[in-house]
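Inspection log for the structure reproduced underneath, given as structure tokens.
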Amino acid sequence: MPAVDKLLLEEALQDSPQTRSLLSVFEEDAGTLTDHTNQLLQAMQRVYGAQNEMCLATQQLSRQLLAYEKQNFALGKGDEEVISTLHYFSKVVDELNVLHTELAKQLADTMVLPIIQFREKDLTEVSTLKDLFGLASNEHDLAMAKYSRLPKRKENEKVKTEVGKEVAAARRKQHLSSLQYYCALNALQYRKRMAMMEPMIGFAHGQINYFKKGAEMFSKSMDDFLSSVADMVRSIQVELEAEAEKMRVAQQELLSVDESVYTPDFDVAAPQVNRTLIQKAGYLNLRNKTGLVTTTWERLYFFTQGGNLMCQPRGAVAGGLIQDLDNCSVMAVDCEDRRYCFQITTPNGKSAIILQAESRKENDEWICAINNISRQIYLTDNPEAVAIKLNQTALQAVTPITSLGRKQESPCTSQNPTNSEMESAKLIPKAAVGVTDTEELIAPGTPIQFDIVLPATEFLDQNRGSRRVNPFGETEDGSFPEAEDSLLQQMFVVRFLGSMAVKTDSTPAVIYEAMRQVLAARAIHNIFRTTESHLVVTSQALRLIDPQTQVSRANFELTSVTQFAAHQENKRLVGFAVRDPESTGEESLSTYIFESNSEGEKICYAINLGKEITQVQKDPEALAKLMLSVPLTNDGKYVLLNDQQDDSDGGPSEHRGAESEA
């Protein structure tokens with residue numbers, strides 16, 4: 001079958017089924033063309049919209065390039081070169097924007113407009129003629145139906161004539177509309193091919209003009225500029241790669257450290273504490289009272305600035321003042337629900353804050369740093385050197401340990417004190433007996449014992465040979481008689497502060513020097529806990545008894561106590577020197593320092609009385625004379641001064657069961 005390319009106008013009047021069938025083919029072709037044209041128009045409008053958006057985008061890009069100079073960057077390294085380069089690029093983008101604008105206008109005129117005109121003119125015309133052809137065909141069918149119903153027997157010429165005229169008019173109208181419709185469909189076959197070509201010709205010409213003008217604009221000078229910018233970018237890239245390699249190596253080194261770095265309080269047994277800090281920063285937990293008995297803890301960042309303790313919450317721009325540290329006191333405290341707590345108290349003692357560190361090392365370093373700041377070391381010319389010097393001086397004076405062991409160096413031995421020396425130690429002197437060199441009293445670096453609970457028993461066992469004290473307060477060889485067999489029994493509530501070996505016991509100055517070094521060591525190493533005991537003074541021994549279990553912690557024969565004294569200013573401090581034989585046959589001298597609830601003079605008085613009773617115990621007359629100086633109660637018992645003193649009215653202390661039978 002030969003291809004059909006047009007409708008024959010000669011067949012328009014006949015309106016045969018074959019003609020109608022051929023017409024339907026052309027109508028289907030016109031419908032397909034209409035759908036494709038609509039889709040093509042959408043695609044072209046999208047291209048035009050993208051080009052128009054490119055114009056707006058380049059305008060915004062140019063403005064943003066210029067806005068870089070107005071940004072207030074905190075880090076502006078190399079910005080001058082970047083700003084000048086961006087200014088040039090902004091100028092280039094503006095020129096490109098002009099080209100994009102011209103291209104968008106040309107696409108609208110030569111690509112979008114022709115396809116719109118084809119759709120609105122040709123396709124709409126065909127659609128309109130189709131509707132008119134349909135109406136004319138319907139009118140012709142109605143006229144023919146009316147003409148066909150004319151009666152056969154009773155003919156009315158007038159009616160017949162009118163109906164005939166109607167048929168002729170309808171047939172003429174149908175013929176005219178069909179001719180116009182056929183012509184439009186035939187012409188559409190040529191117009192559709194032109195409609196597909198013309199928009200693309202406009203698109204191609206627009207792009208060619210755009211690229212031509214762009215090539216003219218990007219001349220050799222622009223090529224040189226782009227080359228220099230590319231070289232600059234490559235140099236920055238090389239620097240970036242070198243820096244990235246350094247950071248990668250540093251990251252590997254940091255990640256290769258021991259896991260203990262991430263573990264809090266990993267060196268709790270022996271932390272390496274820096275005691276010369278004059279500045280400190282880190283996170284601490286601050287205790288806040290929310291009620292009478294309830295408290296909350298808040299984790300905040302603390303740092304020292306000059307003589308102030310500052311606090312900066314997370315997200316805050318700057319820190320705020322928490323405490324003025326000048327002349328403040330700091331000490332470790334026990335909290336019921338937290339570890340590693342310390343307290344900062346103002347000079348007047350009216351207010352205090354409690355903080356918690358995450359480890360023992362951090363706790364000690366914070367205490368040392370605040371202690372150094374409170375002494376106003378930061379105001380000196382070289383605060384670091386001053387802090388180091390003070391710390392070295394303190395460490396040379398004392399080297400504390402936490403358990404008693406063998407003496408590192410055997411202290412110098414001395415002869416037993418004479419009777420005149422014993423008499424001079426009976427009462428506390430108001431001034432020192434004599435100024436003696438410290439090194440002649442206590443060897444530098446002598447270890448200090450801060451606990452006497454269990455290590456003291458082991459220490460006494462090591463220094464007394466085979467003699468051992470039963471932990472239940474009983475003796476194996478009867479060398480420590482029961483208190484009932486003693487003429488003297490006096491009990492005092494004391495807290496053990498420390499003990500250390502000394503070189504001599506010939507003067508009370510050794511007691512004072514031991515007190516100074518023990519207290520200094522506790523302050524330097526932040527040791528504030530003490531063990532409370534009952535010191536029982538009898539005519540035969542000094543016994544330290546656990547107040548809870550009544551188990552003897554330590555026993556000292558009264559004959560081995562060679563020197564005893566109370567502090568000249570702090571009357572609650574008392575100490576005594578003990579001469580103990582060692583397993584090697586030599587003797588060692590040790591001092592024991594205590595803090596009592598009462599005046600130390602009372603303990604010294606009781607020790608002195610016990611030694612006098614021991615000396616005259618074999619002479620009944622001298623013993624009776626000595627006992628006459630001690631007051632008697634109504635039941636015939638001797639009463640000594642007690643350590644419980646009524647401070648409410650400032651009167652004399654009351655007696656509490658410190659009695660001995662006559």
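By convention in this document, the chains of the structure tokens carry letters A, B, ... by their order, each chain's residues are numbered from 1, and ligands are numbered from 1 in the order they are shown.
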Could you give me, as a PyMOL selection string, the residues within 12 Å of A:Asp109, counting only C-alpha atoms and dropping anything in the same chain fewer than 3 positions from it? chain A and resi 44-45+48+102-106+112-117+198-203+205-206
Please save C-alpha atoms of the selected residues as a CSV table (one decimal), in the first residue's frame.
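Writing done, so here's out.csv:
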```
chain,number,residue,atom,x,y,z
A,44,MET,CA,12.7,23.9,26.2
A,45,GLN,CA,11.1,26.0,29.0
A,48,TYR,CA,15.3,28.5,29.5
A,102,GLU,CA,22.1,37.5,26.6
A,103,LEU,CA,21.9,33.7,26.1
A,104,ALA,CA,18.7,33.5,28.2
A,105,LYS,CA,17.1,36.3,26.1
A,106,GLN,CA,18.1,34.6,22.8
A,112,VAL,CA,10.8,28.9,23.2
A,113,LEU,CA,8.7,31.5,21.3
A,114,PRO,CA,8.6,29.6,17.9
A,115,ILE,CA,7.4,26.4,19.5
A,116,ILE,CA,4.8,28.3,21.5
A,117,GLN,CA,3.6,30.0,18.3
A,198,GLU,CA,13.4,26.3,14.1
A,199,PRO,CA,13.7,26.2,17.9
A,200,MET,CA,16.9,24.1,17.8
A,201,ILE,CA,18.4,26.5,15.2
A,202,GLY,CA,17.8,29.3,17.7
A,203,PHE,CA,19.3,27.3,20.5
A,205,HIS,CA,22.9,30.0,17.4
A,206,GLY,CA,22.5,31.2,21.0
```
Identify, on the basis of only C-alpha atoms, every residue whose closest approach to A:Ser590 does not exceed 6 Å; exclude the query and any residue fewer than 4 positions from it along the same chain; express the result as an MDAnalysis selection string. chainID A and resid 500:502 577:578
Emit the selected residues as a JSON list (two decimals), in the first residue's frame, including C-alpha atoms.
```json
[["chain", "number", "residue", "atom", "x", "y", "z"],
["A", 500, "MET", "CA", 60.55, 9.57, 113.74],
["A", 501, "ALA", "CA", 64.05, 8.56, 114.72],
["A", 502, "VAL", "CA", 66.27, 11.14, 116.45],
["A", 577, "ALA", "CA", 61.35, 10.14, 123.32],
["A", 578, "VAL", "CA", 61.81, 6.36, 123.70]]
```
Please give the complete set of residues from stretch 254-327 of chain A that DSSP, run on the backbone, assigns to helix (DSSP H, G or I), formatted as a CSV table (one decimal) with N, CA, C and O atoms, in the first residue's frame.
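Final file, part.csv:
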```csv
chain,number,residue,atom,x,y,z
A,254,LEU,N,50.1,9.8,69.8
A,254,LEU,CA,49.2,10.0,70.9
A,254,LEU,C,48.3,8.8,71.2
A,254,LEU,O,48.0,8.5,72.4
A,255,LEU,N,48.0,8.1,70.2
A,255,LEU,CA,47.2,6.9,70.4
A,255,LEU,C,48.0,5.7,70.8
A,255,LEU,O,47.5,4.7,71.2
A,259,GLU,N,47.4,2.6,78.1
A,259,GLU,CA,46.0,2.7,78.4
A,259,GLU,C,45.8,3.4,79.7
A,259,GLU,O,44.7,3.9,80.0
A,260,SER,N,46.8,3.5,80.5
A,260,SER,CA,46.6,4.2,81.8
A,260,SER,C,46.3,5.7,81.7
A,260,SER,O,45.8,6.3,82.6
A,261,VAL,N,46.7,6.3,80.5
A,261,VAL,CA,46.4,7.7,80.3
A,261,VAL,C,44.9,7.9,80.3
A,261,VAL,O,44.4,9.0,80.8
```
Could you pull the residues within 12 Å of A:Thr124, counting only C-alpha atoms, minus those fewer than 5 positions along the same chain, as a PyMOL selection string? chain A and resi 30-31+33-34+37+116-119+129-131+184-185+188
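Contact shell of A:Glu362 at 9 Å (only C-alpha atoms; same-chain neighbours under 3 positions omitted): A:Asp265, A:Val273, A:Gly282, A:Tyr340, A:Ala357, A:Glu358, A:Ser359, A:Glu365, A:Trp366, A:Ile367.
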Shell around A:Thr58 at 9 Å using only C-alpha atoms, local window under 6 positions removed, as a list in words: Val93, Asp94, Leu96, Asn97 and His100 of chain A
Same residues, all heavy atoms, saved as a PDB file, in the first residue's frame:
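Output file part_29.pdb is given in full below:
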```pdb
ATOM      1  N   VAL A  93      32.988  36.878  36.990  1.00  0.00           N
ATOM      2  CA  VAL A  93      31.635  36.328  37.101  1.00  0.00           C
ATOM      3  C   VAL A  93      30.604  37.338  36.623  1.00  0.00           C
ATOM      4  O   VAL A  93      29.603  36.970  35.983  1.00  0.00           O
ATOM      5  CB  VAL A  93      31.375  35.891  38.553  1.00  0.00           C
ATOM      6  CG1 VAL A  93      29.905  35.518  38.749  1.00  0.00           C
ATOM      7  CG2 VAL A  93      32.249  34.702  38.917  1.00  0.00           C
ATOM      8  N   ASP A  94      30.838  38.618  36.902  1.00  0.00           N
ATOM      9  CA  ASP A  94      29.913  39.646  36.398  1.00  0.00           C
ATOM     10  C   ASP A  94      29.892  39.668  34.870  1.00  0.00           C
ATOM     11  O   ASP A  94      28.818  39.810  34.254  1.00  0.00           O
ATOM     12  CB  ASP A  94      30.319  41.017  36.935  1.00  0.00           C
ATOM     13  CG  ASP A  94      29.988  41.172  38.407  1.00  0.00           C
ATOM     14  OD1 ASP A  94      29.074  40.460  38.875  1.00  0.00           O
ATOM     15  OD2 ASP A  94      30.643  41.985  39.099  1.00  0.00           O
ATOM     16  N   LEU A  96      30.630  37.160  32.927  1.00  0.00           N
ATOM     17  CA  LEU A  96      29.930  35.937  32.525  1.00  0.00           C
ATOM     18  C   LEU A  96      28.425  36.081  32.713  1.00  0.00           C
ATOM     19  O   LEU A  96      27.639  35.523  31.936  1.00  0.00           O
ATOM     20  CB  LEU A  96      30.440  34.748  33.336  1.00  0.00           C
ATOM     21  CG  LEU A  96      31.820  34.205  32.964  1.00  0.00           C
ATOM     22  CD1 LEU A  96      32.234  33.119  33.945  1.00  0.00           C
ATOM     23  CD2 LEU A  96      31.820  33.649  31.549  1.00  0.00           C
ATOM     24  N   ASN A  97      28.019  36.796  33.709  1.00  0.00           N
ATOM     25  CA  ASN A  97      26.592  36.998  33.940  1.00  0.00           C
ATOM     26  C   ASN A  97      25.954  37.759  32.788  1.00  0.00           C
ATOM     27  O   ASN A  97      24.804  37.500  32.410  1.00  0.00           O
ATOM     28  CB  ASN A  97      26.387  37.749  35.257  1.00  0.00           C
ATOM     29  CG  ASN A  97      24.921  37.941  35.570  1.00  0.00           C
ATOM     30  OD1 ASN A  97      24.160  36.993  35.684  1.00  0.00           O
ATOM     31  ND2 ASN A  97      24.516  39.200  35.699  1.00  0.00           N
ATOM     32  N   HIS A 100      25.443  35.216  30.128  1.00  0.00           N
ATOM     33  CA  HIS A 100      24.323  34.331  30.478  1.00  0.00           C
ATOM     34  C   HIS A 100      22.988  35.044  30.271  1.00  0.00           C
ATOM     35  O   HIS A 100      22.009  34.430  29.826  1.00  0.00           O
ATOM     36  CB  HIS A 100      24.458  33.874  31.924  1.00  0.00           C
ATOM     37  CG  HIS A 100      25.480  32.795  32.126  1.00  0.00           C
ATOM     38  ND1 HIS A 100      25.361  31.550  31.559  1.00  0.00           N
ATOM     39  CD2 HIS A 100      26.650  32.781  32.833  1.00  0.00           C
ATOM     40  CE1 HIS A 100      26.401  30.795  31.903  1.00  0.00           C
ATOM     41  NE2 HIS A 100      27.202  31.531  32.671  1.00  0.00           N
TER      42      HIS A 100
END
```
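Among A:Thr85, A:Thr128, A:Asn597, A:Thr504, the residue with the shortest atom-to-atom distance to A:Met232, counting only C-alpha atoms, is A:Thr85.
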Considering only C-alpha atoms, return as a count of residues only whatever protein or nucleic-acid residues lie within 10 Å of A:Phe564, sequence-local ones (same chain, fewer than 5 positions apart) excluded. 26
Can you list, as a PyMOL selection string, all residues belonging to stretch 249-358 of chain A that DSSP tags as strand (DSSP E or B)? chain A and resi 281-289+295-305+308-312+320-324+329-333+341-345+352-356
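Pairwise distance (atom CA of A:Leu589, atom CA of A:Ala606) equals 21.6 Å.
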